[in-house]
Amino acid sequence: MRSPKHKTHTPSSKPGRDTNATTSSSTFFDIYGSEAKADVVFKTPDADSTLNLQDVQGLVTWVLAEGFMPSWVFIKNKPLIPKVVMLYVPGLDAALYMSQSKILSGLKEVCGNPRAVLALSCVSDRMQTIDALLTCKTKRKRNEVDSALKKHDQTSEPEYACGEGIAEIACPGSQRSRSGGSNNPLSMEVLKDLPFPITYYTLTAKELEDNGYCHEQPGFISTLPAPSGCCPYEILALDCEMCVTSEGFELTRISLVDVNGQVVLDKLVKPSNSITDYNTRYSGITREMLNEVTTGLKDVQEDFLKLVYKETILVGHSLENDLLALKISHDLVIDTAVLYKHPRGASYKTALRVLTSRFLSREIQDSRNGHDSIEDARAAMELAMLKIKQGPDFGSPPSFMRKKLLTVLNDCGKTSSFIDDISIVKRYTSVSSHAFPVASDDEALSKAKKEVKNDKVHFVWTQFSELNSYFKKQADDTDKLNTRLAEMLSLLTCNKKSTTSKGIKFSVTSELKDILTRIDTRIRSLYHELPTNAMLIICTGHGDTAIVHRLRKMLKEQIETTVSREKLVKVLEELQAQAEVALCFVGVKH
């Protein structure tokens, strides 16, 4: 399609001439007419039809990139749209919006009536909703996986300079610890042209919980922020060996390797309780190996904390077991058992030796003398690096792979500004996009208002998270949770007697009303700053999933409550159904 505006240039200006005069003397011929406007026209939906998150994302790629024409909306005079602003407001489901539409009147004023969006399952993590909006599915080439594996097979094996024995602790900031020995070609290349940043592959809070990672447990210690002026390791791989004692499994060996496979820590550990089984078949640990060992758990914890800081990404296979043996909590984890999805679903995990054989073309854990923690740590690191280099869908059977939305837009010559919490910024920004980490909705609004006025920016993403944070605090407060449960049970009982009532309706606190009022005010303020014909998309993603997660946890752990299990299940079903109906508002500034 031809450009909507064709410029006729005047002769070059003379030295010293006002450039504004030159610009004003240029003549523009608008093929759409001087009064033309872009607009959105919603198509009549089928009965009970809802959109999904890919439909919302598809609108962005249709307007700004080379996406497909949406079936649910028609964009009038699409080339006149100078930019698209996507605002994510998690927590606002259809039921809450309908009951508080007067407070949220600004949404309808700027975007008209919303369309219902089927959210991801409430069981999913909040990051999965953001991921669905900010990553695009692209068709995988048939030979892509084979060529990637072939390329890796042709890469020479790294030669590890450090011995397999007990290593001294290297200073994280030293040259020796960062680049000693031969370089692993794969790890050296992995930092270049990554499809997604390394932090994209770290476990989310829900994934940590679902996979048994301990957090703030009695007797556990947590990794600490790196001291000022310190240059900590960015990424390390961990593997531990355990034996059976009178108190259960206890640590007997710990190994840490860096991104090049160099050993930075390898120590044997004497359990504090009497050993009943050295578990030699798996651990490789024998009575003779531990006879003269005096190093205890506390000693290796101190060594570990000098190498692994809160900012360090820790790689391993089913790492929750290693951290449990160490009695250490750490949140920044890449778990290869989760990273490489099992074909039978999340409840299954593929063994490290199987992954290593398949993707690294070598055998590990095949010795009768037991496992080698250094060998296992190196395998986990290489598997993580391979996935990071090839992208999140590497090694998976589906015919589609993912690319960041911002990368797709950049490939079409569009510049993006990304405004969000720093953890989300790190995951989804591209090299060419403008990144703005923020800590509050007011800060997000302030940055967004500036970026929407930037003529060189075509796509702006930001999030208002105050509502979602409020729901999370409410769900974490036991007293408030019990009060709300009692209220909902009462309403459910009333609904049984009424044939017209549908779903759960609950009273809205003054605090919640204030939050909704602030959301409405911020949306109006953002819309006011939009240039003419700019498109505003407001997607709510999901409703109150925090209370759903809390109730599911209570049922799973059989936590005692004043409410019977049967009634709790009924409330959960209603709340989950409500939270899974999100909304999408679309409007064009006139």
# chains A, B, ... in the order shown; residues from 1 in each chain; ligands from 1
>>> residues_around(residues="Leu583 of chain A", least_positions_apart="2", cutoff="9 Å", atoms="only C-alpha atoms", output="list in words")
Leu51, Leu92, Asp93, Ala94, Tyr97, Pro114, Arg115, Ala116, Val117, Leu118, Ala119, Ile538, Cys539, Thr540, Gly541, His542, Val581 and Phe585 of chain A
>>> residues_around(residues="Val60 of chain A", least_positions_apart="5", cutoff="9 Å", atoms="only C-alpha atoms", output="mmCIF file with N, CA and C atoms, in the first residue's frame")
data_model
loop_
_atom_site.group_PDB
_atom_site.id
_atom_site.type_symbol
_atom_site.label_atom_id
_atom_site.label_comp_id
_atom_site.auth_asym_id
_atom_site.auth_seq_id
_atom_site.Cartn_x
_atom_site.Cartn_y
_atom_site.Cartn_z
ATOM 1 N N ALA A 65 2.593 -4.341 12.096
ATOM 2 C CA ALA A 65 3.545 -5.262 11.470
ATOM 3 C C ALA A 65 2.885 -5.981 10.290
ATOM 4 N N GLY A 67 0.947 -8.764 10.426
ATOM 5 C CA GLY A 67 0.028 -9.747 10.972
ATOM 6 C C GLY A 67 -1.169 -9.982 10.074
ATOM 7 N N VAL A 84 0.453 2.509 18.514
ATOM 8 C CA VAL A 84 -0.475 1.720 19.314
ATOM 9 C C VAL A 84 0.030 1.715 20.747
ATOM 10 N N MET A 86 -0.592 -0.117 24.339
ATOM 11 C CA MET A 86 -1.266 -1.224 25.008
ATOM 12 C C MET A 86 -1.103 -1.081 26.509
ATOM 13 N N PHE A 459 5.069 1.852 19.241
ATOM 14 C CA PHE A 459 4.349 0.967 20.163
ATOM 15 C C PHE A 459 4.793 1.261 21.593
ATOM 16 N N ILE A 537 -5.264 0.246 23.354
ATOM 17 C CA ILE A 537 -5.797 -1.076 23.675
ATOM 18 C C ILE A 537 -5.631 -1.295 25.173
#
>>> residues_around(residues="Pro82 of chain A", least_positions_apart="5", cutoff="7 Å", atoms="only C-alpha atoms", output="PyMOL selection string")
chain A and resi 458+533-534
>>> select_by_dssp(residues="segment 333-562 of chain A", states="strand (DSSP E or B)", output="JSON, numbers by chain")
{"A": [333, 334, 335, 400, 401, 402, 403, 404, 416, 417, 418, 419, 420, 434, 435, 436, 437, 459, 460, 461, 462, 463, 535, 536, 537, 538, 539]}
>>> write_last_selection(atoms="N, CA, C and O atoms", output="short mmCIF file (atom, residue, chain, number, x, y, z; two decimals), in the first residue's frame")
data_model
loop_
_atom_site.label_atom_id
_atom_site.label_comp_id
_atom_site.auth_asym_id
_atom_site.auth_seq_id
_atom_site.Cartn_x
_atom_site.Cartn_y
_atom_site.Cartn_z
N VAL A 333 16.42 -18.91 39.49
CA VAL A 333 16.77 -20.29 39.17
C VAL A 333 16.37 -20.64 37.73
O VAL A 333 15.28 -20.30 37.28
N ILE A 334 17.27 -21.32 37.02
CA ILE A 334 16.93 -21.98 35.75
C ILE A 334 17.02 -23.47 36.01
O ILE A 334 18.10 -24.00 36.28
N ASP A 335 15.90 -24.14 35.96
CA ASP A 335 15.82 -25.57 36.26
C ASP A 335 15.64 -26.32 34.94
O ASP A 335 14.60 -26.22 34.30
N PHE A 400 5.42 -24.69 16.01
CA PHE A 400 5.53 -23.24 16.15
C PHE A 400 6.59 -22.89 17.17
O PHE A 400 6.86 -23.66 18.10
N MET A 401 7.20 -21.75 17.00
CA MET A 401 8.15 -21.24 17.98
C MET A 401 7.78 -19.80 18.32
O MET A 401 6.99 -19.18 17.63
N ARG A 402 8.35 -19.29 19.39
CA ARG A 402 7.99 -17.96 19.87
C ARG A 402 9.07 -16.91 19.58
O ARG A 402 10.25 -17.21 19.62
N LYS A 403 8.60 -15.70 19.32
CA LYS A 403 9.48 -14.54 19.22
C LYS A 403 8.86 -13.43 20.06
O LYS A 403 7.64 -13.34 20.19
N LYS A 404 9.70 -12.58 20.61
CA LYS A 404 9.17 -11.45 21.37
C LYS A 404 8.40 -10.52 20.44
O LYS A 404 8.81 -10.26 19.31
N SER A 416 9.72 0.56 19.74
CA SER A 416 8.85 0.34 20.90
C SER A 416 9.43 0.96 22.16
O SER A 416 10.64 1.05 22.33
N SER A 417 8.51 1.36 23.05
CA SER A 417 8.88 1.80 24.40
C SER A 417 8.18 0.87 25.38
O SER A 417 6.96 0.68 25.29
N PHE A 418 8.94 0.32 26.31
CA PHE A 418 8.41 -0.69 27.23
C PHE A 418 8.55 -0.18 28.66
O PHE A 418 9.65 0.05 29.14
N ILE A 419 7.40 -0.03 29.33
CA ILE A 419 7.35 0.59 30.66
C ILE A 419 6.69 -0.40 31.62
O ILE A 419 5.50 -0.70 31.49
N ASP A 420 7.46 -0.93 32.58
CA ASP A 420 6.88 -1.94 33.48
C ASP A 420 7.85 -2.21 34.62
O ASP A 420 8.92 -1.60 34.70
N HIS A 434 13.10 0.91 23.73
CA HIS A 434 13.40 1.77 24.87
C HIS A 434 12.82 1.12 26.12
O HIS A 434 11.62 0.83 26.18
N ALA A 435 13.64 0.88 27.11
CA ALA A 435 13.20 0.19 28.34
C ALA A 435 13.13 1.18 29.50
O ALA A 435 14.08 1.93 29.75
N PHE A 436 12.00 1.16 30.22
CA PHE A 436 11.79 2.05 31.35
C PHE A 436 11.27 1.26 32.55
O PHE A 436 10.06 1.04 32.68
N PRO A 437 12.16 0.80 33.43
CA PRO A 437 11.70 0.10 34.65
C PRO A 437 11.02 1.11 35.58
O PRO A 437 11.53 2.21 35.80
N PHE A 459 5.07 1.85 19.24
CA PHE A 459 4.35 0.97 20.16
C PHE A 459 4.79 1.26 21.59
O PHE A 459 5.99 1.36 21.88
N VAL A 460 3.82 1.41 22.47
CA VAL A 460 4.09 1.66 23.89
C VAL A 460 3.34 0.62 24.72
O VAL A 460 2.14 0.41 24.52
N TRP A 461 4.06 -0.03 25.60
CA TRP A 461 3.45 -0.99 26.54
C TRP A 461 3.63 -0.48 27.96
O TRP A 461 4.73 -0.01 28.33
N THR A 462 2.58 -0.54 28.75
CA THR A 462 2.73 -0.26 30.18
C THR A 462 1.65 -1.02 30.94
O THR A 462 0.70 -1.55 30.36
N GLN A 463 1.80 -1.06 32.24
CA GLN A 463 0.90 -1.82 33.10
C GLN A 463 0.50 -0.99 34.32
O GLN A 463 1.34 -0.33 34.92
N MET A 535 -3.97 4.52 18.55
CA MET A 535 -4.86 3.46 19.04
C MET A 535 -4.50 3.11 20.48
O MET A 535 -3.33 2.95 20.82
N LEU A 536 -5.52 3.00 21.32
CA LEU A 536 -5.34 2.59 22.72
C LEU A 536 -6.03 1.24 22.91
O LEU A 536 -7.23 1.10 22.64
N ILE A 537 -5.26 0.25 23.35
CA ILE A 537 -5.80 -1.08 23.68
C ILE A 537 -5.63 -1.30 25.17
O ILE A 537 -4.52 -1.20 25.69
N ILE A 538 -6.72 -1.56 25.85
CA ILE A 538 -6.68 -1.86 27.30
C ILE A 538 -7.08 -3.31 27.47
O ILE A 538 -8.21 -3.70 27.13
N CYS A 539 -6.17 -4.12 27.98
CA CYS A 539 -6.45 -5.54 28.20
C CYS A 539 -6.30 -5.84 29.69
O CYS A 539 -5.30 -5.46 30.30
#
>>> residues_around(residues="Thr562 of chain A", least_positions_apart="5", cutoff="10 Å", atoms="only C-alpha atoms", output="number ranges by chain")
A: 482, 485-486, 568
>>> closest_atom_pairs(of="segment 313-400 of chain A", to="segment 263-270 of chain A", cutoff="10 Å", atoms="only C-alpha atoms", output="Markdown table")
| residue | atom | partner | partner_atom | distance |
| --- | --- | --- | --- | --- |
| A:Ser373 | CA | A:Asp266 | CA | 8.6 |
| A:Ile374 | CA | A:Val263 | CA | 7.5 |
| A:Ala377 | CA | A:Val263 | CA | 9.5 |
| A:Arg378 | CA | A:Val263 | CA | 9.1 |
>>> write_last_selection(atoms="N, CA and C atoms", output="PDB file, in the first residue's frame")
ATOM      1  N   SER A 373      29.085 -34.994  40.546  1.00  0.00           N
ATOM      2  CA  SER A 373      28.362 -33.723  40.645  1.00  0.00           C
ATOM      3  C   SER A 373      28.926 -32.650  39.719  1.00  0.00           C
ATOM      4  N   ILE A 374      30.239 -32.701  39.443  1.00  0.00           N
ATOM      5  CA  ILE A 374      30.820 -31.733  38.501  1.00  0.00           C
ATOM      6  C   ILE A 374      30.306 -32.011  37.094  1.00  0.00           C
ATOM      7  N   ALA A 377      26.674 -30.909  36.878  1.00  0.00           N
ATOM      8  CA  ALA A 377      26.537 -29.446  36.853  1.00  0.00           C
ATOM      9  C   ALA A 377      26.901 -28.894  35.480  1.00  0.00           C
ATOM     10  N   ARG A 378      27.960 -29.450  34.882  1.00  0.00           N
ATOM     11  CA  ARG A 378      28.362 -29.002  33.546  1.00  0.00           C
ATOM     12  C   ARG A 378      27.271 -29.329  32.516  1.00  0.00           C
TER      13      ARG A 378
END
>>> residues_around(residues="His215 of chain A", least_positions_apart="3", cutoff="9 Å", atoms="only C-alpha atoms", output="number ranges by chain")
A: 208-209, 220, 222, 328-331
>>> write_last_selection(atoms="N, CA, C and O atoms", output="mmCIF file, in the first residue's frame")
data_model
loop_
_atom_site.group_PDB
_atom_site.id
_atom_site.type_symbol
_atom_site.label_atom_id
_atom_site.label_comp_id
_atom_site.auth_asym_id
_atom_site.auth_seq_id
_atom_site.Cartn_x
_atom_site.Cartn_y
_atom_site.Cartn_z
ATOM 1 N N LEU A 208 8.323 -21.749 41.070
ATOM 2 C CA LEU A 208 9.137 -22.127 42.228
ATOM 3 C C LEU A 208 8.290 -22.874 43.252
ATOM 4 O O LEU A 208 8.692 -23.913 43.785
ATOM 5 N N GLU A 209 7.103 -22.343 43.508
ATOM 6 C CA GLU A 209 6.205 -22.966 44.482
ATOM 7 C C GLU A 209 5.729 -24.335 43.998
ATOM 8 O O GLU A 209 5.750 -25.318 44.745
ATOM 9 N N PHE A 220 16.437 -22.224 57.224
ATOM 10 C CA PHE A 220 17.035 -21.920 55.923
ATOM 11 C C PHE A 220 17.637 -20.511 55.946
ATOM 12 O O PHE A 220 17.152 -19.625 56.657
ATOM 13 N N SER A 222 18.965 -17.301 53.248
ATOM 14 C CA SER A 222 18.734 -16.803 51.894
ATOM 15 C C SER A 222 19.986 -16.155 51.336
ATOM 16 O O SER A 222 20.802 -15.601 52.090
ATOM 17 N N ILE A 328 19.285 -23.609 51.801
ATOM 18 C CA ILE A 328 19.457 -22.245 51.293
ATOM 19 C C ILE A 328 18.288 -21.912 50.364
ATOM 20 O O ILE A 328 17.870 -22.735 49.553
ATOM 21 N N SER A 329 17.755 -20.704 50.486
ATOM 22 C CA SER A 329 16.693 -20.211 49.608
ATOM 23 C C SER A 329 17.297 -19.285 48.559
ATOM 24 O O SER A 329 18.099 -18.404 48.895
ATOM 25 N N HIS A 330 16.917 -19.503 47.307
ATOM 26 C CA HIS A 330 17.395 -18.651 46.213
ATOM 27 C C HIS A 330 16.298 -18.594 45.156
ATOM 28 O O HIS A 330 15.738 -19.625 44.774
ATOM 29 N N ASP A 331 15.959 -17.398 44.689
ATOM 30 C CA ASP A 331 14.800 -17.211 43.809
ATOM 31 C C ASP A 331 15.134 -17.163 42.323
ATOM 32 O O ASP A 331 14.253 -17.334 41.487
#
>>> closest_residue(among="A:Lys414, A:Lys102, A:Arg353, A:Arg427", to="Gln128 of chain A", atoms="only C-alpha atoms")
A:Arg427
>>> residues_around(residues="Ser507 of chain A", least_positions_apart="6", cutoff="10 Å", atoms="only C-alpha atoms", output="list in words")
Ser99, Arg484, Glu487 and Met488 of chain A
>>> atom_distance(atom1="atom CA of Val452 of chain A", atom2="atom CA of Lys83 of chain A")
7.9 Å
>>> select_by_dssp(residues="segment 154-351 of chain A", states="helix (DSSP H, G or I)", output="ChimeraX atom specification")
/A:175-179,185-189,198-201,205-210,280-283,287-290,297-307,319-326,336-339
>>> atom_distance(atom1="atom CA of Glu573 of chain A", atom2="atom CA of Val548 of chain A")
8.8 Å
>>> closest_residue(among="A:Thr336, A:Ser246, A:Thr204, A:Ser105", to="Leu516 of chain A", atoms="only C-alpha atoms")
A:Ser105
>>> residues_around(residues="Ala351 of chain A", least_positions_apart="2", cutoff="10 Å", atoms="only C-alpha atoms", output="mmCIF file with N, CA, C and O atoms, in the first residue's frame")
data_model
loop_
_atom_site.group_PDB
_atom_site.id
_atom_site.type_symbol
_atom_site.label_atom_id
_atom_site.label_comp_id
_atom_site.auth_asym_id
_atom_site.auth_seq_id
_atom_site.Cartn_x
_atom_site.Cartn_y
_atom_site.Cartn_z
ATOM 1 N N HIS A 317 19.492 -29.181 37.685
ATOM 2 C CA HIS A 317 18.418 -30.095 37.287
ATOM 3 C C HIS A 317 17.665 -30.541 38.537
ATOM 4 O O HIS A 317 18.234 -31.166 39.419
ATOM 5 N N SER A 318 16.383 -30.172 38.609
ATOM 6 C CA SER A 318 15.601 -30.378 39.840
ATOM 7 C C SER A 318 16.356 -29.785 41.021
ATOM 8 O O SER A 318 16.636 -30.431 42.033
ATOM 9 N N THR A 336 16.649 -27.081 34.527
ATOM 10 C CA THR A 336 16.569 -27.777 33.237
ATOM 11 C C THR A 336 15.486 -28.862 33.229
ATOM 12 O O THR A 336 15.010 -29.256 32.168
ATOM 13 N N ALA A 337 15.081 -29.326 34.405
ATOM 14 C CA ALA A 337 13.994 -30.302 34.476
ATOM 15 C C ALA A 337 12.660 -29.662 34.105
ATOM 16 O O ALA A 337 11.737 -30.342 33.652
ATOM 17 N N HIS A 342 8.486 -32.143 29.497
ATOM 18 C CA HIS A 342 8.232 -33.555 29.254
ATOM 19 C C HIS A 342 7.001 -33.686 28.371
ATOM 20 O O HIS A 342 6.014 -32.967 28.568
ATOM 21 N N TYR A 348 5.529 -34.547 34.919
ATOM 22 C CA TYR A 348 6.641 -35.458 34.609
ATOM 23 C C TYR A 348 7.890 -34.643 34.310
ATOM 24 O O TYR A 348 7.811 -33.531 33.788
ATOM 25 N N LYS A 349 9.055 -35.229 34.608
ATOM 26 C CA LYS A 349 10.325 -34.555 34.326
ATOM 27 C C LYS A 349 11.295 -35.543 33.684
ATOM 28 O O LYS A 349 11.417 -36.686 34.126
ATOM 29 N N ARG A 353 20.353 -37.361 32.442
ATOM 30 C CA ARG A 353 21.150 -38.190 31.528
ATOM 31 C C ARG A 353 20.453 -38.336 30.178
ATOM 32 O O ARG A 353 21.116 -38.409 29.130
ATOM 33 N N VAL A 354 19.104 -38.365 30.172
ATOM 34 C CA VAL A 354 18.359 -38.480 28.914
ATOM 35 C C VAL A 354 18.494 -37.201 28.092
ATOM 36 O O VAL A 354 18.724 -37.239 26.882
ATOM 37 N N LEU A 355 18.347 -36.057 28.745
ATOM 38 C CA LEU A 355 18.503 -34.768 28.055
ATOM 39 C C LEU A 355 19.920 -34.602 27.515
ATOM 40 O O LEU A 355 20.118 -34.112 26.399
ATOM 41 N N THR A 356 20.902 -35.005 28.314
ATOM 42 C CA THR A 356 22.302 -34.871 27.906
ATOM 43 C C THR A 356 22.602 -35.753 26.696
ATOM 44 O O THR A 356 23.294 -35.338 25.763
#
>>> closest_residue(among="A:Leu305, A:Leu134, A:Leu360, A:Ile388", to="Thr199 of chain A", atoms="only C-alpha atoms")
A:Ile388
